[in-house]
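So the structure is just underneath, and the comments pick up after that.
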Amino acid sequence: MTSIILLSLLSGMMFGISGIAYRVGTLGNVQPNQCGVGLSVIGFVGFGLLGLQEWQHLDWRLLLILTVTGCVQYLVMVLLRYALKIGPLSPAWCAVSLGFIPVIIYAAICCGEKLSVFQYVSIAATVGAIVSASFSGEENNESKKSSSRWNKIVYCIVLLLLLLFNSTLSVTLKLCSNLTFAGSTVTYKSACGNVILSLIYFFIMTLGAIDLTLKREWVFNRYACYAPALLALGACSAFILQLYLVDRAPAVIVFALSSTVSILTAALLSVGVFKEKITRAWYFTIGFSILAIILNR
């Protein structure tokens, strides 16, 4: 179990690095979805080659699951951009980061996973860390957003969809670690693990490229190379670890612990590398993150 926890911590660190990659992209006005397209090209090709012998096992049911997952994952980017037009970043960032909660609920209901008292408290601390991180340095943006009743209703719906949609990849990984081929005891994850990630990246890449082309939002500079490369290093490494861990450990360790460390890593790197101002919310983020890590056992 110690090695599983350490690998979960490492996956969280890599996700934190991938989050910093988006910040690098902003230095060159590179949109997050363009960074996502660059990441997806590397992910599609890389995981596709790693799973070269796995493609023969792909069936229509798995293809359908991955098509839906890939399209929904791209919708997360679309919803996030829309959310930032009608509301502040803080709640949107919080909704995206809380995407681990649905997969924990799914694992508890469908996979029979149980949580200890410590893990319930750890989840609460993780939520506290995410909420604290989302409010760090964003207070000045609040007054710039419309506060009409209709906008509030729409914004709440968008936040709910962000939370649910962002959890689809984690739920898919958990589902494929339990779902078997027809008439077989072999799971989709064990036979097609790399293909699963490759195809999801393919759909994100394709939809993102079409979107950027139609809107003429491509940016070509050095940051358009740096950001996707750093994003790919972090995200692909993190997903390799989660793919390995998903059927070896409970979702609360694989996904919740990873989310906690991701927030902690991003908070530390933001201050250490980008010299962001240390606020009261930042201290709460660090404190809640450390508490969540200690209690997740």
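Quick note on naming: the chains in the structure tokens go A, B, ... in the order shown, residues restart at 1 in each chain, and ligands are numbered from 1 in order of appearance.
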
Please report as CSV every residue of stretch 61-129 of chain A lying within 12 Å of stretch 240-251 of chain A, along with the nearest atom pair and their distance in Å (one decimal), using only C-alpha atoms.
```
residue,atom,partner,partner_atom,distance
A:Phe100,CA,A:Ala251,CA,8.4
A:Ile101,CA,A:Ala251,CA,9.4
A:Pro102,CA,A:Ala251,CA,10.1
A:Val103,CA,A:Ala251,CA,6.9
A:Ile104,CA,A:Ala251,CA,5.5
A:Ile105,CA,A:Ala251,CA,9.0
A:Tyr106,CA,A:Ala251,CA,9.0
A:Ala107,CA,A:Ala251,CA,6.5
A:Ala108,CA,A:Ala251,CA,8.6
A:Ile109,CA,A:Ala251,CA,11.8
A:Cys110,CA,A:Ala251,CA,11.8
A:Cys111,CA,A:Pro250,CA,9.4
A:Gly112,CA,A:Pro250,CA,9.8
A:Glu113,CA,A:Pro250,CA,6.5
A:Lys114,CA,A:Pro250,CA,8.3
A:Leu115,CA,A:Pro250,CA,8.8
A:Ser116,CA,A:Pro250,CA,11.2
A:Gln119,CA,A:Pro250,CA,10.9
A:Ile123,CA,A:Ala251,CA,11.5
```

Which polymer residues have any atom within 12 Å of an atom of A:Arg222, counting only C-alpha atoms, with same-chain residues fewer than 6 positions away left out, as number ranges by chain? A: 24-30, 228-229

Go ahead and dump the residues you just picked, N, CA, C and O atoms, as a short mmCIF file (atom, residue, chain, number, x, y, z; two decimals), in the first residue's frame.
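Contents of the output file again-v6.cif:
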```
data_model
loop_
_atom_site.label_atom_id
_atom_site.label_comp_id
_atom_site.auth_asym_id
_atom_site.auth_seq_id
_atom_site.Cartn_x
_atom_site.Cartn_y
_atom_site.Cartn_z
N VAL A 24 2.13 28.89 -18.27
CA VAL A 24 3.21 29.18 -19.22
C VAL A 24 2.62 29.63 -20.55
O VAL A 24 3.10 30.56 -21.20
N GLY A 25 1.55 28.95 -20.98
CA GLY A 25 0.91 29.31 -22.25
C GLY A 25 0.39 30.73 -22.26
O GLY A 25 0.47 31.42 -23.29
N THR A 26 -0.12 31.21 -21.12
CA THR A 26 -0.67 32.57 -21.07
C THR A 26 0.41 33.63 -21.30
O THR A 26 0.09 34.74 -21.72
N LEU A 27 1.66 33.27 -21.03
CA LEU A 27 2.75 34.23 -21.28
C LEU A 27 2.86 34.57 -22.75
O LEU A 27 3.38 35.64 -23.11
N GLY A 28 2.42 33.66 -23.62
CA GLY A 28 2.45 33.90 -25.07
C GLY A 28 1.08 33.99 -25.67
O GLY A 28 0.92 33.82 -26.89
N ASN A 29 0.06 34.26 -24.83
CA ASN A 29 -1.34 34.37 -25.29
C ASN A 29 -1.83 33.10 -25.99
O ASN A 29 -2.64 33.16 -26.93
N VAL A 30 -1.34 31.97 -25.54
CA VAL A 30 -1.77 30.68 -26.09
C VAL A 30 -2.98 30.19 -25.30
O VAL A 30 -2.91 30.04 -24.08
N PRO A 228 2.47 23.17 -24.42
CA PRO A 228 1.98 21.81 -24.69
C PRO A 228 2.98 20.73 -24.31
O PRO A 228 2.59 19.64 -23.84
N ALA A 229 4.29 21.01 -24.50
CA ALA A 229 5.30 20.01 -24.15
C ALA A 229 5.31 19.77 -22.64
O ALA A 229 5.36 18.61 -22.18
#
```

Rounded to one decimal in Å, what is the spacing between atom CA of A:Thr126 and atom CA of A:Phe239? 20.0 Å

Excluding A:Thr265 and residues on its chain fewer than 6 positions from it, collect all residues at most 10 Å away from it, counting only C-alpha atoms, and give them as an NGL selection string. :A and (12-17 or 19-20 or 259 or 286 or 289)

Please provide the set of residues having any atom within 6 Å of A:Ser198, restricted to only C-alpha atoms, with same-chain residues fewer than 4 positions apart removed, written as a PDB file with all heavy atoms, in the first residue's frame.
```
ATOM      1  N   PHE A  44      -2.173  11.030 -28.086  1.00  0.00           N
ATOM      2  CA  PHE A  44      -2.744  10.120 -29.084  1.00  0.00           C
ATOM      3  C   PHE A  44      -1.663   9.241 -29.712  1.00  0.00           C
ATOM      4  O   PHE A  44      -1.789   8.015 -29.780  1.00  0.00           O
ATOM      5  CB  PHE A  44      -3.468  10.926 -30.163  1.00  0.00           C
ATOM      6  CG  PHE A  44      -3.836  10.132 -31.384  1.00  0.00           C
ATOM      7  CD1 PHE A  44      -4.672   9.027 -31.294  1.00  0.00           C
ATOM      8  CD2 PHE A  44      -3.337  10.493 -32.628  1.00  0.00           C
ATOM      9  CE1 PHE A  44      -5.014   8.294 -32.425  1.00  0.00           C
ATOM     10  CE2 PHE A  44      -3.669   9.772 -33.768  1.00  0.00           C
ATOM     11  CZ  PHE A  44      -4.508   8.671 -33.666  1.00  0.00           C
ATOM     12  N   PHE A  47       0.458   7.082 -26.606  1.00  0.00           N
ATOM     13  CA  PHE A  47      -0.274   5.938 -26.060  1.00  0.00           C
ATOM     14  C   PHE A  47      -0.674   4.963 -27.165  1.00  0.00           C
ATOM     15  O   PHE A  47      -0.772   3.758 -26.928  1.00  0.00           O
ATOM     16  CB  PHE A  47      -1.509   6.415 -25.297  1.00  0.00           C
ATOM     17  CG  PHE A  47      -1.195   7.004 -23.953  1.00  0.00           C
ATOM     18  CD1 PHE A  47      -1.355   8.361 -23.713  1.00  0.00           C
ATOM     19  CD2 PHE A  47      -0.726   6.202 -22.920  1.00  0.00           C
ATOM     20  CE1 PHE A  47      -1.059   8.912 -22.481  1.00  0.00           C
ATOM     21  CE2 PHE A  47      -0.428   6.742 -21.669  1.00  0.00           C
ATOM     22  CZ  PHE A  47      -0.589   8.099 -21.458  1.00  0.00           C
ATOM     23  N   GLY A  48      -0.908   5.499 -28.372  1.00  0.00           N
ATOM     24  CA  GLY A  48      -1.236   4.614 -29.492  1.00  0.00           C
ATOM     25  C   GLY A  48      -0.097   3.672 -29.831  1.00  0.00           C
ATOM     26  O   GLY A  48      -0.314   2.493 -30.113  1.00  0.00           O
TER      27      GLY A  48
END
```

Could you write out, as a PyMOL selection string, all the residues of stretch 29-195 of chain A that DSSP marks as alpha helix (DSSP H)? chain A and resi 32-50+60-86+89-97+100-110+117-135+149-166+168-176+188-195
